[in-house]
>>> print(open('data16.pdb').read())   # PDB, C-alpha atoms
ATOM      1  CA  MET A 244      21.392 -14.702 -35.170
ATOM      2  CA  ASN A 245      21.212 -10.923 -35.427
ATOM      3  CA  LYS A 246      22.588  -8.355 -33.017
ATOM      4  CA  LEU A 247      19.230  -7.212 -31.700
ATOM      5  CA  LYS A 248      18.047 -10.733 -30.980
ATOM      6  CA  GLU A 249      21.275 -11.363 -29.087
ATOM      7  CA  TYR A 250      20.734  -8.207 -27.071
ATOM      8  CA  VAL A 251      17.170  -9.144 -26.122
ATOM      9  CA  ASP A 252      18.356 -12.653 -25.218
ATOM     10  CA  SER A 253      20.964 -11.127 -22.926
ATOM     11  CA  LEU A 254      18.287  -9.100 -21.119
ATOM     12  CA  PHE A 255      16.407 -12.306 -20.294
ATOM     13  CA  ARG A 256      19.462 -14.473 -19.664
ATOM     14  CA  LYS A 257      19.019 -14.902 -15.926
ATOM     15  CA  TYR A 258      15.419 -16.093 -16.212
ATOM     16  CA  ARG A 259      14.272 -19.625 -16.778
ATOM     17  CA  GLN A 260      12.789 -19.984 -20.252
ATOM     18  CA  THR A 261       9.151 -20.669 -19.432
ATOM     19  CA  SER A 262       6.537 -20.133 -22.136
ATOM     20  CA  LYS A 263       5.564 -16.814 -20.508
ATOM     21  CA  ILE A 264       9.148 -15.561 -20.604
ATOM     22  CA  ARG A 265       9.525 -16.686 -24.219
ATOM     23  CA  ASP A 266       6.354 -14.795 -25.173
ATOM     24  CA  LEU A 267       7.517 -11.636 -23.434
ATOM     25  CA  LYS A 268      10.908 -11.956 -25.126
ATOM     26  CA  GLU A 269       9.317 -12.291 -28.544
ATOM     27  CA  GLU A 270       7.048  -9.313 -27.894
ATOM     28  CA  VAL A 271       9.952  -7.120 -26.781
ATOM     29  CA  TYR A 272      12.054  -8.244 -29.721
ATOM     30  CA  THR A 273       9.441  -7.673 -32.439
ATOM     31  CA  ASN A 274       8.622  -4.226 -31.035
ATOM     32  CA  LEU A 275      12.292  -3.228 -30.949
ATOM     33  CA  GLU A 276      12.806  -4.596 -34.437
ATOM     34  CA  ALA A 277       9.862  -2.527 -35.720
ATOM     35  CA  LYS A 278      11.414   0.531 -34.060
ATOM     36  CA  ARG A 279      14.808  -0.200 -35.578
ATOM     37  CA  MET A 280      13.369  -0.536 -39.098
ATOM     38  CA  ASP A 281      11.487   2.719 -38.575
ATOM     39  CA  LEU A 282      14.639   4.555 -37.503
ATOM     40  CA  ILE A 283      16.557   3.228 -40.495
ATOM     41  CA  ALA A 284      13.722   4.329 -42.779
ATOM     42  CA  ALA A 285      13.971   7.781 -41.159
ATOM     43  CA  GLY A 286      17.597   8.044 -42.236
ATOM     44  CA  PHE A 287      19.625   6.710 -39.273
ATOM     45  CA  SER A 288      22.545   4.428 -39.976
ATOM     46  CA  PRO A 289      22.078   0.799 -38.863
ATOM     47  CA  ASP A 290      24.548   1.322 -35.995
ATOM     48  CA  GLU A 291      22.860   4.469 -34.729
ATOM     49  CA  ALA A 292      19.461   2.799 -34.989
ATOM     50  CA  PHE A 293      20.714  -0.196 -33.021
ATOM     51  CA  ASP A 294      22.166   2.023 -30.275
ATOM     52  CA  GLN A 295      18.941   3.986 -29.914
ATOM     53  CA  VAL A 296      16.874   0.825 -29.779
ATOM     54  CA  ARG A 297      19.191  -0.726 -27.221
ATOM     55  CA  ASN A 298      19.027   2.335 -24.980
ATOM     56  CA  SER A 299      15.249   2.298 -24.989
ATOM     57  CA  ILE A 300      15.159  -0.799 -22.815
ATOM     58  CA  THR A 301      18.032  -1.725 -20.535
ATOM     59  CA  GLU A 302      16.397  -4.106 -18.058
ATOM     60  CA  VAL A 303      13.363  -6.356 -18.001
ATOM     61  CA  ASP A 304      13.321  -7.189 -14.284
ATOM     62  CA  SER A 305      10.277  -5.029 -13.627
ATOM     63  CA  LEU A 306       8.310  -6.872 -16.330
ATOM     64  CA  ILE A 307       8.747 -10.388 -14.986
ATOM     65  CA  GLU A 308       5.676 -11.839 -13.298
ATOM     66  CA  GLY A 309       6.139 -12.067  -9.539
ATOM     67  CA  ASN A 310       9.207  -9.799  -9.478
ATOM     68  CA  ILE A 311       9.203  -7.080  -6.862
ATOM     69  CA  LYS A 312      11.828  -4.518  -5.946
ATOM     70  CA  ILE A 313      12.928  -4.654  -2.333
ATOM     71  CA  ASP A 314      15.159  -2.749   0.037
ATOM     72  CA  ARG A 315      17.919  -5.291   0.209
ATOM     73  CA  PHE A 316      19.620  -4.191   3.403
ATOM     74  CA  SER A 317      16.455  -4.153   5.557
ATOM     75  CA  PHE A 318      15.372  -7.468   4.048
ATOM     76  CA  CYS A 319      18.686  -9.171   4.833
ATOM     77  CA  ARG A 320      18.886  -7.614   8.268
ATOM     78  CA  GLU A 321      15.482  -8.819   9.416
ATOM     79  CA  ARG A 322      15.999 -12.256   7.913
ATOM     80  CA  MET A 323      19.258 -12.568   9.838
ATOM     81  CA  GLN A 324      17.578 -11.408  13.043
ATOM     82  CA  TRP A 325      14.926 -14.104  12.678
ATOM     83  CA  MET A 326      17.588 -16.703  11.984
ATOM     84  CA  LEU A 327      19.438 -15.752  15.159
ATOM     85  CA  ILE A 328      16.237 -15.757  17.212
ATOM     86  CA  SER A 329      15.268 -19.185  15.863
ATOM     87  CA  LEU A 330      18.691 -20.631  16.602
ATOM     88  CA  LEU A 331      18.668 -19.121  20.075
ATOM     89  CA  SER A 332      15.216 -20.557  20.838
ATOM     90  CA  VAL A 333      16.339 -24.007  19.758
ATOM     91  CA  TRP A 334      19.480 -23.636  21.850
ATOM     92  CA  VAL A 335      17.494 -22.573  24.933
ATOM     93  CA  ILE A 336      15.298 -25.646  24.577
ATOM     94  CA  THR A 337      18.357 -27.896  24.379
ATOM     95  CA  ILE A 338      19.911 -26.524  27.599
ATOM     96  CA  PRO A 339      17.770 -28.491  30.109
ATOM     97  CA  LEU A 340      17.912 -31.503  27.796
ATOM     98  CA  ARG A 341      21.712 -31.727  28.045
ATOM     99  CA  VAL A 342      21.335 -34.467  30.620
ATOM    100  CA  PHE A 343      20.483 -36.710  27.696
ATOM    101  CA  TYR A 344      23.433 -38.084  25.841
ATOM    102  CA  SER A 345      21.996 -37.388  22.350
ATOM    103  CA  VAL A 346      21.443 -33.682  23.054
ATOM    104  CA  PHE A 347      24.678 -32.897  24.883
ATOM    105  CA  ALA A 348      26.951 -32.448  21.859
ATOM    106  CA  LEU A 349      24.216 -30.781  19.822
ATOM    107  CA  SER A 350      23.659 -28.113  22.446
ATOM    108  CA  TYR A 351      27.319 -27.065  22.489
ATOM    109  CA  LEU A 352      27.526 -27.211  18.717
ATOM    110  CA  LEU A 353      24.536 -24.864  18.518
ATOM    111  CA  ALA A 354      26.144 -22.421  20.949
ATOM    112  CA  PHE A 355      29.210 -22.357  18.708
ATOM    113  CA  VAL A 356      27.109 -21.811  15.556
ATOM    114  CA  ILE A 357      25.173 -18.994  17.237
ATOM    115  CA  LEU A 358      28.408 -17.320  18.269
ATOM    116  CA  ILE A 359      29.675 -17.333  14.684
ATOM    117  CA  ALA A 360      26.291 -16.201  13.320
ATOM    118  CA  GLY A 361      26.196 -13.396  15.866
ATOM    119  CA  VAL A 362      29.668 -12.183  14.960
ATOM    120  CA  TYR A 363      28.722 -12.280  11.271
ATOM    121  CA  TYR A 364      25.552 -10.327  11.999
ATOM    122  CA  ILE A 365      27.498  -7.552  13.700
ATOM    123  CA  TYR A 366      30.006  -7.503  10.858
ATOM    124  CA  PHE A 367      27.102  -7.274   8.383
ATOM    125  CA  LEU A 368      25.580  -4.309  10.205
ATOM    126  CA  LYS A 369      28.910  -2.476  10.334
ATOM    127  CA  GLN A 370      30.412  -3.218   6.926
ATOM    128  CA  ARG A 371      27.976  -4.413   4.286
ATOM    129  CA  GLY A 372      25.310  -2.220   5.807
ATOM    130  CA  LYS A 373      27.275   0.894   4.951
ATOM    131  CA  GLN A 374      27.660  -0.105   1.323
ATOM    132  CA  CYS A 375      24.126  -1.163   0.517
ATOM    133  CA  GLN A 376      22.105   1.154   2.701
ATOM    134  CA  LYS A 377      20.047   2.270  -0.291
ATOM    135  CA  GLN A 378      20.556  -0.657  -2.592
ATOM    136  CA  THR A 379      17.441  -2.173  -4.115
ATOM    137  CA  VAL A 380      17.224  -5.517  -5.810
ATOM    138  CA  TYR A 381      14.566  -7.535  -7.639
ATOM    139  CA  VAL A 382      13.382 -10.777  -6.100
ATOM    140  CA  ASN A 383      10.716 -13.138  -7.343
ATOM    141  CA  ILE A 384       7.861 -13.731  -4.962
ATOM    142  CA  LEU A 385       6.548 -16.727  -6.943
ATOM    143  CA  TYR A 386       9.939 -18.409  -6.702
ATOM    144  CA  TYR A 387      10.067 -17.849  -2.944
ATOM    145  CA  ARG A 388       6.594 -19.340  -2.639
ATOM    146  CA  LYS A 389       7.598 -22.437  -4.584
ATOM    147  CA  VAL A 390      10.781 -22.959  -2.561
ATOM    148  CA  LYS A 391       8.813 -22.593   0.660
ATOM    149  CA  ARG A 392       6.366 -25.276  -0.427
ATOM    150  CA  VAL A 393       9.119 -27.686  -1.419
ATOM    151  CA  VAL A 394      11.001 -27.162   1.868
ATOM    152  CA  TRP A 395       7.838 -27.794   3.905
ATOM    153  CA  VAL A 396       7.155 -31.022   2.008
ATOM    154  CA  LEU A 397      10.757 -32.200   2.491
ATOM    155  CA  TRP A 398      10.648 -31.322   6.172
ATOM    156  CA  SER A 399       7.348 -33.176   6.705
ATOM    157  CA  MET A 400       8.818 -36.217   5.007
ATOM    158  CA  TYR A 401      11.920 -36.012   7.169
ATOM    159  CA  PHE A 402       9.907 -35.697  10.372
ATOM    160  CA  LEU A 403       7.587 -38.561   9.473
ATOM    161  CA  PHE A 404      10.561 -40.731   8.547
ATOM    162  CA  SER A 405      12.410 -39.996  11.801
ATOM    163  CA  PHE A 406       9.215 -40.694  13.758
ATOM    164  CA  VAL A 407       8.772 -44.086  12.101
ATOM    165  CA  MET A 408      12.474 -44.914  12.531
ATOM    166  CA  THR A 409      12.428 -44.064  16.245
ATOM    167  CA  THR A 410       9.343 -46.218  16.693
ATOM    168  CA  CYS A 411      11.068 -49.116  14.930
ATOM    169  CA  VAL A 412      14.181 -48.786  17.081
ATOM    170  CA  TYR A 413      12.253 -48.670  20.359
ATOM    171  CA  PHE A 414       9.277 -50.876  19.706
ATOM    172  CA  GLY A 415      10.172 -52.898  16.607
ATOM    173  CA  SER A 416      11.004 -56.071  18.504
ATOM    174  CA  ASN A 417       7.967 -55.664  20.774
ATOM    175  CA  LEU A 418       5.762 -55.587  17.717
ATOM    176  CA  TRP A 419       7.607 -58.377  15.938
ATOM    177  CA  PHE A 420       7.642 -60.797  18.852
ATOM    178  CA  SER A 421       4.449 -59.458  20.471
ATOM    179  CA  ARG A 422       6.343 -58.776  23.693
ATOM    180  CA  PRO A 423       5.029 -56.268  26.241
ATOM    181  CA  VAL A 424       6.726 -52.840  26.216
ATOM    182  CA  HIS A 425       9.311 -52.446  28.950
ATOM    183  CA  ILE A 426      10.782 -49.084  29.957
ATOM    184  CA  ASP A 427      13.621 -49.062  32.491
ATOM    185  CA  GLY A 428      12.703 -45.847  34.313
ATOM    186  CA  PRO A 429      12.218 -42.083  34.064
ATOM    187  CA  TYR A 430      15.597 -41.478  32.389
ATOM    188  CA  ALA A 431      14.925 -44.123  29.754
ATOM    189  CA  LEU A 432      11.467 -42.674  29.174
ATOM    190  CA  GLY A 433      12.938 -39.177  28.858
ATOM    191  CA  ASN A 434      15.578 -40.380  26.454
ATOM    192  CA  MET A 435      12.930 -41.971  24.303
ATOM    193  CA  LEU A 436      10.794 -38.836  24.252
ATOM    194  CA  VAL A 437      13.844 -36.764  23.331
ATOM    195  CA  ASN A 438      14.550 -39.070  20.426
ATOM    196  CA  TYR A 439      10.982 -38.702  19.290
ATOM    197  CA  PHE A 440      10.723 -34.952  19.560
ATOM    198  CA  LEU A 441      14.219 -33.637  18.936
ATOM    199  CA  PRO A 442      13.707 -33.741  15.134
ATOM    200  CA  LEU A 443      10.768 -31.386  15.671
ATOM    201  CA  LEU A 444      13.235 -28.587  16.458
ATOM    202  CA  THR A 445      14.340 -28.568  12.823
ATOM    203  CA  ILE A 446      11.015 -26.858  12.110
ATOM    204  CA  VAL A 447      12.996 -23.599  12.217
ATOM    205  CA  ILE A 448      14.399 -24.499   8.777
ATOM    206  CA  PRO A 449      11.092 -24.360   6.842
ATOM    207  CA  PHE A 450      10.143 -21.395   9.025
ATOM    208  CA  ILE A 451      13.189 -19.445   7.844
ATOM    209  CA  PHE A 452      12.492 -20.336   4.202
ATOM    210  CA  GLY A 453       8.927 -19.118   4.654
ATOM    211  CA  LEU A 454      10.210 -15.737   5.844
ATOM    212  CA  ASN A 455      11.537 -14.792   2.390
ATOM    213  CA  GLU A 456       8.115 -14.132   0.938
ATOM    214  CA  ARG A 457       6.772 -12.296   3.962
ATOM    215  CA  LEU A 458       9.817 -10.054   4.332
ATOM    216  CA  ALA A 459      10.025  -9.326   0.598
ATOM    217  CA  LEU A 460       6.463  -7.972   0.702
ATOM    218  CA  LYS A 461       7.264  -6.027   3.853
ATOM    219  CA  TYR A 462      10.298  -4.316   2.329
ATOM    220  CA  GLU A 463       8.901  -3.756  -1.160
ATOM    221  CA  VAL A 464       9.835  -0.343  -2.556
ATOM    222  CA  GLU A 465       8.447   1.756  -5.393
TER     223      GLU A 465
ATOM    224  CA  MET B 130       4.299  25.437 -25.733
ATOM    225  CA  GLY B 131       6.131  22.236 -26.546
ATOM    226  CA  GLY B 132       8.312  22.291 -23.447
ATOM    227  CA  ARG B 133       9.099  19.449 -21.084
ATOM    228  CA  ILE B 134       6.022  17.782 -19.776
ATOM    229  CA  SER B 135       6.072  16.813 -16.140
ATOM    230  CA  SER B 136       6.182  13.044 -16.128
ATOM    231  CA  ASP B 137       4.610  13.001 -12.681
ATOM    232  CA  LEU B 138       1.484  14.646 -14.046
ATOM    233  CA  ILE B 139       1.260  12.224 -16.948
ATOM    234  CA  ARG B 140       2.157   8.963 -15.255
ATOM    235  CA  GLY B 141      -1.254   8.387 -13.759
ATOM    236  CA  HIS B 142      -2.884   8.578 -17.182
ATOM    237  CA  ILE B 143      -0.737   6.217 -19.236
ATOM    238  CA  ASP B 144      -3.316   3.424 -18.953
ATOM    239  CA  THR B 145      -6.022   5.711 -20.304
ATOM    240  CA  MET B 146      -3.752   6.904 -23.100
ATOM    241  CA  ILE B 147      -3.211   3.306 -24.185
ATOM    242  CA  LEU B 148      -6.938   2.536 -23.971
ATOM    243  CA  ARG B 149      -7.532   5.604 -26.153
ATOM    244  CA  VAL B 150      -5.193   4.225 -28.845
ATOM    245  CA  LEU B 151      -6.748   0.746 -28.719
ATOM    246  CA  TYR B 152     -10.212   2.320 -28.823
ATOM    247  CA  GLU B 153      -9.515   3.077 -32.491
ATOM    248  CA  ASN B 154      -8.171  -0.322 -33.469
ATOM    249  CA  ASP B 155      -6.161  -3.302 -32.277
ATOM    250  CA  ASN B 156      -2.472  -2.604 -32.175
ATOM    251  CA  TYR B 157       0.946  -3.865 -31.072
ATOM    252  CA  GLY B 158       3.420  -2.306 -28.647
ATOM    253  CA  TYR B 159       5.592  -0.193 -30.916
ATOM    254  CA  GLU B 160       2.637   1.164 -32.904
ATOM    255  CA  ILE B 161       0.893   2.100 -29.643
ATOM    256  CA  MET B 162       3.960   4.118 -28.638
ATOM    257  CA  LYS B 163       4.069   5.774 -32.030
ATOM    258  CA  ALA B 164       0.378   6.630 -31.906
ATOM    259  CA  ILE B 165       0.822   8.242 -28.485
ATOM    260  CA  TYR B 166       3.801  10.229 -29.786
ATOM    261  CA  ARG B 167       1.708  11.385 -32.756
ATOM    262  CA  ASN B 168      -1.346  12.211 -30.637
ATOM    263  CA  SER B 169       0.835  14.418 -28.434
ATOM    264  CA  ASP B 170       2.076  16.399 -31.457
ATOM    265  CA  GLU B 171       5.479  14.847 -30.818
ATOM    266  CA  ASN B 172       5.710  16.293 -27.315
ATOM    267  CA  TYR B 173       5.409  13.141 -25.283
ATOM    268  CA  ASP B 174       7.451  10.001 -25.812
ATOM    269  CA  LEU B 175       6.213   6.983 -23.876
ATOM    270  CA  LYS B 176       9.118   4.811 -22.763
ATOM    271  CA  GLU B 177       9.224   1.041 -23.273
ATOM    272  CA  PRO B 178       9.326   0.055 -19.584
ATOM    273  CA  SER B 179       6.194   2.141 -18.854
ATOM    274  CA  LEU B 180       4.469   0.713 -21.912
ATOM    275  CA  TYR B 181       5.001  -2.910 -20.889
ATOM    276  CA  THR B 182       4.115  -2.240 -17.261
ATOM    277  CA  SER B 183       0.847  -0.606 -18.320
ATOM    278  CA  LEU B 184      -0.020  -3.307 -20.843
ATOM    279  CA  LYS B 185       0.601  -5.991 -18.242
ATOM    280  CA  ARG B 186      -1.563  -4.204 -15.698
ATOM    281  CA  LEU B 187      -4.393  -3.561 -18.174
ATOM    282  CA  GLU B 188      -4.341  -7.166 -19.294
ATOM    283  CA  SER B 189      -4.474  -8.503 -15.735
ATOM    284  CA  GLN B 190      -7.422  -6.188 -15.062
ATOM    285  CA  LYS B 191      -9.127  -7.637 -18.176
ATOM    286  CA  MET B 192      -9.341  -4.177 -19.776
ATOM    287  CA  ILE B 193      -7.458  -5.427 -22.822
ATOM    288  CA  SER B 194      -6.860  -8.854 -24.333
ATOM    289  CA  SER B 195      -3.986  -9.990 -26.521
ATOM    290  CA  TYR B 196      -3.405 -12.255 -29.481
ATOM    291  CA  TRP B 197      -0.451 -13.078 -31.696
ATOM    292  CA  GLY B 198      -0.333 -11.639 -35.184
ATOM    293  CA  ASP B 199       1.048 -13.364 -38.245
ATOM    294  CA  GLU B 200       4.737 -14.013 -38.625
ATOM    295  CA  SER B 201       6.420 -10.807 -39.814
ATOM    296  CA  GLN B 202      10.122 -10.183 -40.285
ATOM    297  CA  GLY B 203      11.858 -12.047 -37.474
ATOM    298  CA  GLY B 204       8.871 -13.019 -35.348
ATOM    299  CA  ARG B 205       5.251 -12.636 -34.381
ATOM    300  CA  ARG B 206       3.809  -9.412 -33.038
ATOM    301  CA  LYS B 207       1.594  -9.359 -30.006
ATOM    302  CA  TYR B 208      -1.562  -7.385 -30.654
ATOM    303  CA  TYR B 209      -3.812  -5.890 -28.018
ATOM    304  CA  LYS B 210      -7.557  -5.382 -28.194
ATOM    305  CA  ILE B 211      -9.750  -3.321 -25.903
ATOM    306  CA  THR B 212     -12.446  -5.298 -24.051
ATOM    307  CA  PRO B 213     -15.969  -4.053 -23.147
ATOM    308  CA  LEU B 214     -14.664  -3.603 -19.604
ATOM    309  CA  GLY B 215     -11.768  -1.509 -20.911
ATOM    310  CA  LEU B 216     -14.165   0.596 -22.948
ATOM    311  CA  LYS B 217     -16.205   1.354 -19.853
ATOM    312  CA  ALA B 218     -13.043   2.164 -17.904
ATOM    313  CA  TYR B 219     -11.921   4.495 -20.700
ATOM    314  CA  HIS B 220     -15.170   6.457 -20.694
ATOM    315  CA  SER B 221     -15.231   6.844 -16.933
ATOM    316  CA  ALA B 222     -11.546   7.904 -16.933
ATOM    317  CA  VAL B 223     -12.376  10.646 -19.461
ATOM    318  CA  GLU B 224     -15.254  11.801 -17.292
ATOM    319  CA  GLU B 225     -13.068  11.806 -14.192
ATOM    320  CA  TRP B 226     -10.449  13.801 -16.038
ATOM    321  CA  ASN B 227     -12.989  16.445 -17.074
ATOM    322  CA  ILE B 228     -14.063  16.903 -13.481
ATOM    323  CA  ALA B 229     -10.482  16.943 -12.206
ATOM    324  CA  ARG B 230      -9.345  19.404 -14.873
ATOM    325  CA  ASP B 231     -12.111  21.891 -14.054
ATOM    326  CA  LEU B 232     -11.435  21.547 -10.368
ATOM    327  CA  ILE B 233      -7.655  21.933 -10.687
ATOM    328  CA  ASP B 234      -8.113  24.914 -13.005
ATOM    329  CA  LYS B 235     -10.162  26.611 -10.333
ATOM    330  CA  LEU B 236      -7.791  25.694  -7.568
ATOM    331  CA  ILE B 237      -4.466  26.638  -9.081
ATOM    332  CA  LYS B 238      -5.360  29.439 -11.478
ATOM    333  CA  GLY B 239      -7.784  30.973  -9.028
ATOM    334  CA  GLY B 240     -10.987  33.018  -9.398
ATOM    335  CA  ASN B 241     -11.687  34.838 -12.643
ATOM    336  CA  CYS B 242      -8.207  35.256 -13.922
ATOM    337  CA  ASN B 243      -7.846  32.820 -16.778
ATOM    338  CA  GLU B 244      -4.190  33.192 -17.541
TER     339      GLU B 244
END
>>> encode(input="data16.pdb", output="structure tokens")
Amino acid sequence: MNKLKEYVDSLFRKYRQTSKIRDLKEEVYTNLEAKRMDLIAAGFSPDEAFDQVRNSITEVDSLIEGNIKIDRFSFCRERMQWMLISLLSVWVITIPLRVFYSVFALSYLLAFVILIAGVYYIYFLKQRGKQCQKQTVYVNILYYRKVKRVVWVLWSMYFLFSFVMTTCVYFGSNLWFSRPVHIDGPYALGNMLVNYFLPLLTIVIPFIFGLNERLALKYEVE
Amino acid sequence: MGGRISSDLIRGHIDTMILRVLYENDNYGYEIMKAIYRNSDENYDLKEPSLYTSLKRLESQKMISSYWGDESQGGRRKYYKITPLGLKAYHSAVEEWNIARDLIDKLIKGGNCNE
């Protein structure tokens, strides 16, 4: 393999080799090779020609389909804010539900997680914020979109599964033996409803994954 | 003159410059750059990143189409061809430029003084 081909390969290294990327790579390579031959024909030494050609293109991020340049600090900051707000909302919902055994531990665990996330957020604003105030980075909007779709599908499957499982646990024997449903009282009813609807709170996870695309477009820079 | 050309002034016209080159005949990336360099009497050197960005934009707007050439040394070249839509866009860009040039001449040189 020649030096120029290796260089072009290195420019595209972090991208998955789809047919589109391969085509772009071949186009960039054949154009640079034509330039290199031209420079050599014009009297440059092979090394000088290679250096000139290499300097003419130093990144390909802006050429990748779906890539956009974003203000990294603002993007991260707002994403973290939404994460904290989501966690806090879930936590607030769990507070009155603490009377139920299954929620009790979860509620305190969430408070602990929020505390750590909050401390990290403040640290981020103070420290990392200073360093990357102006830093821009390329992200791929198509990738974010795909991840979002996958996470939503997984979450739907999880919720459906937990719904079916809860039904089996509570009513399986009633169905199997055709016995009438018997609920012991308001607490038992509440406990059952909590078991049915608690998994719904995990909806914040696909919500947070969906934010990536929206925030990337919001903080796109020239 | 031959001095530095303000890249801000030129940037908005790169697409038209490329259409102008492809108006003559189909061509591939490096030759397009060379043609632009030649057309400018070696005063303006289009950079690779701008070239690819423009080509991508023109292709997505269906102003140009692409096809792969025969295998040359080391690989195939990607050729671009102007489409009827691109041709129309080229002519209207030239017209727009004529109007803009006259207008800007009047506005920044002022009145009768033609210097």
>>> interface_residues(input="data16.pdb", of="chain A", to="chain B", cutoff="6 Å", atoms="all atoms listed in the file", output="list in words")
Glu270, Thr273 and Asn274 of chain A
>>> residues_around(input="data16.pdb", residues="Ile357 in chain A", least_positions_apart="6", cutoff="8 Å", atoms="only C-alpha atoms", output="CSV table (one decimal) with C-alpha atoms, keeping the file's coordinate frame")
chain,number,residue,atom,x,y,z
A,327,LEU,CA,19.4,-15.8,15.2
A,330,LEU,CA,18.7,-20.6,16.6
A,331,LEU,CA,18.7,-19.1,20.1
>>> atom_distance(input="data16.pdb", atom1="CA of Ser194 in chain B", atom2="CA of Asp137 in chain B")
27.3 Å
>>> axis_aligned_box(input="data16.pdb", around="range 251-260 of chain A", padding_each_side="8 Å", output="lines of an AutoDock Vina configuration file")
center_x = 16.9
center_y = -14.5
center_z = -21.0
size_x = 24.2
size_y = 26.9
size_z = 26.2
>>> atom_distance(input="data16.pdb", atom1="CA of Ile359 in chain A", atom2="CA of Arg392 in chain A")
28.9 Å
>>> residues_around(input="data16.pdb", residues="Val396 in chain A", least_positions_apart="6", cutoff="10 Å", atoms="only C-alpha atoms", output="ChimeraX atom specification")
/A:390,402,449
>>> write_last_selection(input="data16.pdb", atoms="C-alpha atoms", output="compact mmCIF listing (two decimals), in the coordinates of the input")
# COMPACT_ATOMS: atom_id res chain seq x y z
CA VAL A 390 10.78 -22.96 -2.56
CA PHE A 402 9.91 -35.70 10.37
CA PRO A 449 11.09 -24.36 6.84
>>> closest_residue(input="data16.pdb", among="B:Ile193, B:Leu180, B:Leu175, B:Ile228", to="Leu306 in chain A", atoms="only C-alpha atoms")
B:Leu180
>>> resolve_selection(input="data16.pdb", expression="the PyMOL selection byres ((chain A and resi 448) around 10)", output="PyMOL selection string")
chain A and resi 326+329-330+394-395+398+444-447+449-453
>>> atom_distance(input="data16.pdb", atom1="CA of Ile384 in chain A", atom2="CA of Trp325 in chain A")
19.0 Å
>>> closest_residue(input="data16.pdb", among="B:Arg186, B:Ile237, B:Ile211, B:Asp174", to="Leu148 in chain B", atoms="all atoms listed in the file")
B:Ile211
